[in-house]
Amino acid sequence: MKKLVVIILSVIVFLSFSQQVFAYNDYYIKNYVVNITVNEDSTYDVQEIIDVFFSVDRHGIYRTIPTSYSNQRAIISNVSINDQYSTSKTMKETTYKIGNAETFVRGDKQYVISYTYDIGDDNIPEFDQFYYNIIGPNWDTQIENVKFNITFPKDFDENKIWLSKGDYGSTASDQSGFKKIGYKIEGYSADLGPYEGLTIKVEFPEGYFIGERNNADASRNGAIIGWILCLGLIILLYLLWVKHGKDDKLYPTVQFQAPEGMTSAEVGYVVDGIVDNKDITSLIIYWADKGFLKIEELKKNKFRFTKIMIPVDGKKYEEKMFTSFFALGNGQEVTTDDLEQRFYSELPSLKQLVKWEYKGKKLLFSKKADRIAAASLLSVVIPIAIQVYVILSGFSGMEFVIATLFASVFSISLGAVFKQFIKKWHVMTKTARASRIIFVAFALGIMALVTFLILFIVRDSFYQSIWSISFVISETIRTVLTLSAVFLLSGLMEKRTDYGKEILEKLLGLKEFIETAEMDKLKLMSKENPEYFYNILPYAMVLGLDRTWAKKFESLTIEPPNWYQGAYGRAFSSMIFYSHFNSFVAKTSTSMQMPKSSGSSMGGGGFSGGGVGGGGGGSW
């Protein structure tokens, strides 16, 4: 394994070195002269005179100039080149491809490139600066000599000049030298290797430049508009929720039985608006208690179900599930092994049939509220669209893209989980509710930590302005808060109909009884109906209280059910039965799940290249 790693690294190093050698062998730059006139409005009139020697036939060179840096966007204008050229642009840079595809050059060739480079306001309140890559760190060949002449509009302190040379990020000062003559800096350097740059930084008192273009206006204005739109969206959704989505106050009354005619699967759906696998599994217990089938524990984690009779007055989903269930066996018996990786295909249609029981007069949720909830979910595009606009309007730093992309994806994922959490609120115990709230808070903390860690890793990109950091944080917070609010309000936007409210109050009354029933009442109910524990068990299961229900009967004497055969030993109690029951539920639920995929997954001074301009180039 170690040998393989060494070989791979060696190949990578060789290819990287070969690329530089080949580029250098194809051509190199003898002299690179840069003349810059810095104007009072912080625009630069740049002239580059590049003497190139081609050792093989090439069409010419290409020159790439950055147009985006930190939270700003530069503008290139008045371009003049002494040869034929074509232009291509990306969000980050502009490339000039110089030469003719029909002809070749060899030997000496001089290129003269002139342009105006407008960086706008540097957005640094403490001082003004000229921070420029005389030679960008992206040339792929040797540069033998560099000369530069920079003329400024006013005088300045020569102790505030720094010149650095080397790979990107290098803070090593250039030893070749420069000198200040009046308002002008003249300098030179020699022997720049491939991907080495030469950067100059000059600091001035604030106000040295006058009338600069405020190139952060677009992103700043976009941010302000974004806050207004997002706050407006949240307020709008809140008002819609208050008017159309907020449930009336519930008044549960204690119930000792489930509403007549309701199966456990229906109770699970009515309480939270979701038909999940547990709701479907509970039907097996429900049917067993009704005398329609028997359950036998063959061995650990293996169960057999035997059909006694088809459910009397069964509803459409009951008939379909009962028939499909035993059809996977021999028609009369079926085991959990028979169900495994097969029954899952029946679940979607079964769940839909359960929901179809509640239509017309039995409609649970307001259709108008459902439409508003669906529309509110679509509004997640608003904060994301604002984010994209801000990125494209001037703040296109990769640190911003990464941080906000992570925050957005995480917020949507967390919001989807939170929406389900809201739906399940009524069937959660107080402990479960507290644990979910802690989970959400913890997840938000992790998201914030990772986001700020990303920003810390790329902190060198923020050398120009502390405003950049606060801007990224502000934009990230706005996106996260808005997305979270959208999912929260859309999850709450499920107003129940009068019927839905009435039936929910009864089920919450049953849930309250299961949680708080006193021993005397349970003794009385069990005396009147010895099967009472088992009658309520499937409903307790979908309400998330099956363990609570079993524990309440622990001190009561109950007989084993005639529909369940298990290895109880000499002693039997509700908790002993619950341990078998829990094993059955876990195994049956697992048997109903979709098979897992077998696929695999993969898992003070300036620094060189830190200024604006520069870029690089190559031959073609």
# chains A, B, ... in the order shown; residues from 1 in each chain; ligands from 1
$ residues_around --residues "Ile75 (chain A)" --least-positions-apart "4" --cutoff "9 Å" --atoms "only C-alpha atoms" --output "NGL selection string"
:A and (67-68 or 116-120)
$ write_last_selection --atoms "N, CA, C and O atoms" --output "PDB file, in the first residue's frame"
ATOM      1  N   THR A  67     -10.757  39.850 -12.623  1.00  0.00           N
ATOM      2  CA  THR A  67     -11.754  40.917 -12.532  1.00  0.00           C
ATOM      3  C   THR A  67     -12.581  40.798 -11.247  1.00  0.00           C
ATOM      4  O   THR A  67     -13.521  41.562 -11.050  1.00  0.00           O
ATOM      5  N   SER A  68     -12.235  39.849 -10.384  1.00  0.00           N
ATOM      6  CA  SER A  68     -12.966  39.698  -9.127  1.00  0.00           C
ATOM      7  C   SER A  68     -11.973  39.373  -8.026  1.00  0.00           C
ATOM      8  O   SER A  68     -11.092  38.531  -8.200  1.00  0.00           O
ATOM      9  N   THR A 116      -7.263  50.108 -19.231  1.00  0.00           N
ATOM     10  CA  THR A 116      -7.588  50.820 -17.994  1.00  0.00           C
ATOM     11  C   THR A 116      -8.192  49.825 -17.025  1.00  0.00           C
ATOM     12  O   THR A 116      -9.120  49.087 -17.374  1.00  0.00           O
ATOM     13  N   TYR A 117      -7.673  49.818 -15.814  1.00  0.00           N
ATOM     14  CA  TYR A 117      -8.111  48.857 -14.792  1.00  0.00           C
ATOM     15  C   TYR A 117      -8.751  49.638 -13.653  1.00  0.00           C
ATOM     16  O   TYR A 117      -8.081  50.403 -12.952  1.00  0.00           O
ATOM     17  N   ASP A 118     -10.046  49.470 -13.471  1.00  0.00           N
ATOM     18  CA  ASP A 118     -10.792  50.221 -12.465  1.00  0.00           C
ATOM     19  C   ASP A 118     -11.193  49.278 -11.337  1.00  0.00           C
ATOM     20  O   ASP A 118     -12.062  48.427 -11.497  1.00  0.00           O
ATOM     21  N   ILE A 119     -10.549  49.450 -10.154  1.00  0.00           N
ATOM     22  CA  ILE A 119     -10.865  48.573  -9.025  1.00  0.00           C
ATOM     23  C   ILE A 119     -11.922  49.183  -8.111  1.00  0.00           C
ATOM     24  O   ILE A 119     -12.469  48.504  -7.257  1.00  0.00           O
ATOM     25  N   GLY A 120     -12.196  50.490  -8.290  1.00  0.00           N
ATOM     26  CA  GLY A 120     -13.193  51.136  -7.442  1.00  0.00           C
ATOM     27  C   GLY A 120     -12.686  51.359  -6.030  1.00  0.00           C
ATOM     28  O   GLY A 120     -11.490  51.243  -5.741  1.00  0.00           O
TER      29      GLY A 120
END
$ residues_around --residues "Glu554 (chain A)" --least-positions-apart "4" --cutoff "8 Å" --atoms "only C-alpha atoms" --output "JSON, numbers by chain"
{"A": [550, 573, 574, 575]}
$ residues_around --residues "Phe326 (chain A)" --least-positions-apart "3" --cutoff "10 Å" --atoms "only C-alpha atoms" --output "PyMOL selection string"
chain A and resi 305-307+321-323+329-335+338-339
$ write_last_selection --atoms "C-alpha atoms" --output "CSV table (one decimal), in the first residue's frame"
chain,number,residue,atom,x,y,z
A,305,PHE,CA,-48.2,-15.4,11.2
A,306,THR,CA,-51.1,-17.8,10.7
A,307,LYS,CA,-54.4,-16.6,9.1
A,321,MET,CA,-52.8,-5.6,3.1
A,322,PHE,CA,-54.2,-8.8,4.7
A,323,THR,CA,-54.3,-10.4,1.2
A,329,GLY,CA,-46.2,-17.0,2.2
A,330,ASN,CA,-48.4,-20.0,1.3
A,331,GLY,CA,-51.6,-18.2,1.6
A,332,GLN,CA,-52.3,-19.5,5.1
A,333,GLU,CA,-49.0,-18.7,6.8
A,334,VAL,CA,-46.2,-16.3,6.3
A,335,THR,CA,-42.9,-15.6,8.2
A,338,ASP,CA,-40.9,-14.3,3.6
A,339,LEU,CA,-41.7,-10.6,4.1
$ residues_around --residues "Glu102 (chain A)" --least-positions-apart "3" --cutoff "12 Å" --atoms "only C-alpha atoms" --output "CSV table (one decimal) with C-alpha atoms, in the first residue's frame"
chain,number,residue,atom,x,y,z
A,57,ASP,CA,6.2,27.1,-33.4
A,58,ARG,CA,3.4,28.6,-31.4
A,59,HIS,CA,0.4,30.8,-32.4
A,60,GLY,CA,1.0,33.4,-29.7
A,84,GLN,CA,-5.0,40.1,-33.4
A,99,GLY,CA,-2.2,35.7,-32.1
A,105,VAL,CA,5.6,32.5,-34.6
$ residues_around --residues "region 260-267 of chain A" --least-positions-apart "5" --cutoff "7 Å" --atoms "only C-alpha atoms" --output "list in words"
Asp279, Ile280, Ser282, Leu283, Tyr286, Val354, Pro538, Tyr539 and Val542 of chain A
$ residues_around --residues "Phe303 (chain A)" --least-positions-apart "5" --cutoff "10 Å" --atoms "only C-alpha atoms" --output "PDB file with C-alpha atoms, in the first residue's frame"
ATOM      1  CA  ILE A 295     -48.333 -14.740  15.917  1.00  0.00           C
ATOM      2  CA  GLU A 296     -45.739 -17.367  16.825  1.00  0.00           C
ATOM      3  CA  GLU A 297     -42.167 -16.699  17.872  1.00  0.00           C
ATOM      4  CA  LEU A 298     -40.156 -19.470  16.140  1.00  0.00           C
ATOM      5  CA  VAL A 334     -46.182 -16.260   6.308  1.00  0.00           C
ATOM      6  CA  THR A 335     -42.911 -15.627   8.171  1.00  0.00           C
ATOM      7  CA  THR A 336     -40.780 -12.540   8.640  1.00  0.00           C
ATOM      8  CA  ASP A 337     -38.243 -14.181   6.321  1.00  0.00           C
ATOM      9  CA  GLN A 565     -47.085 -17.825  21.302  1.00  0.00           C
ATOM     10  CA  GLY A 566     -43.673 -17.099  22.778  1.00  0.00           C
ATOM     11  CA  SER A 583     -38.637  -7.722  19.259  1.00  0.00           C
ATOM     12  CA  PHE A 584     -41.536  -8.639  16.986  1.00  0.00           C
ATOM     13  CA  LYS A 587     -38.112  -7.445  13.139  1.00  0.00           C
ATOM     14  CA  THR A 588     -41.388  -6.962  11.264  1.00  0.00           C
TER      15      THR A 588
END
$ closest_atom_pairs --of "region 531-586 of chain A" --to "region 519-524 of chain A" --cutoff "12 Å" --atoms "only C-alpha atoms" --output "Markdown table"
| residue | atom | partner | partner_atom | distance |
| --- | --- | --- | --- | --- |
| A:Glu531 | CA | A:Leu522 | CA | 11.7 |
| A:Tyr532 | CA | A:Leu522 | CA | 8.8 |
| A:Phe533 | CA | A:Leu522 | CA | 8.9 |
| A:Ile536 | CA | A:Leu522 | CA | 11.7 |
| A:Trp549 | CA | A:Leu522 | CA | 10.4 |
| A:Ala550 | CA | A:Leu522 | CA | 11.6 |
| A:Lys551 | CA | A:Met519 | CA | 11.2 |
| A:Lys552 | CA | A:Met519 | CA | 7.5 |
| A:Phe553 | CA | A:Leu522 | CA | 7.9 |
| A:Glu554 | CA | A:Met519 | CA | 10.4 |
| A:Ser555 | CA | A:Met519 | CA | 9.1 |
| A:Leu556 | CA | A:Lys523 | CA | 7.5 |
| A:Thr557 | CA | A:Lys523 | CA | 9.4 |
| A:Ile558 | CA | A:Lys523 | CA | 10.3 |
$ write_last_selection --atoms "C-alpha atoms" --output "compact mmCIF listing (two decimals), in the first residue's frame"
# COMPACT_ATOMS: atom_id res chain seq x y z
CA GLU A 531 -58.21 -8.23 27.19
CA TYR A 532 -58.14 -4.46 27.82
CA PHE A 533 -54.33 -4.29 27.89
CA ILE A 536 -55.22 -0.65 23.67
CA TRP A 549 -48.61 1.25 28.64
CA ALA A 550 -46.80 -2.03 29.39
CA LYS A 551 -45.08 -0.57 32.44
CA LYS A 552 -48.40 0.54 33.94
CA PHE A 553 -49.61 -3.08 33.94
CA GLU A 554 -46.37 -4.47 35.38
CA SER A 555 -47.85 -4.93 38.85
CA LEU A 556 -51.17 -6.25 37.56
CA THR A 557 -51.87 -9.90 36.83
CA ILE A 558 -52.69 -10.40 33.17
$ atom_distance --atom1 "CA of Phe325 (chain A)" --atom2 "CA of Thr281 (chain A)"
11.0 Å
$ select_by_dssp --residues "region 244-312 of chain A" --states "strand (DSSP E or B)" --output "PyMOL selection string"
chain A and resi 293-299+302-307
$ atom_distance --atom1 "CA of Gly491 (chain A)" --atom2 "CA of Thr516 (chain A)"
28.7 Å
$ closest_residue --among "A:Tyr344, A:Tyr111, A:Phe156, A:Tyr238" --to "Phe209 (chain A)" --atoms "only C-alpha atoms"
A:Phe156
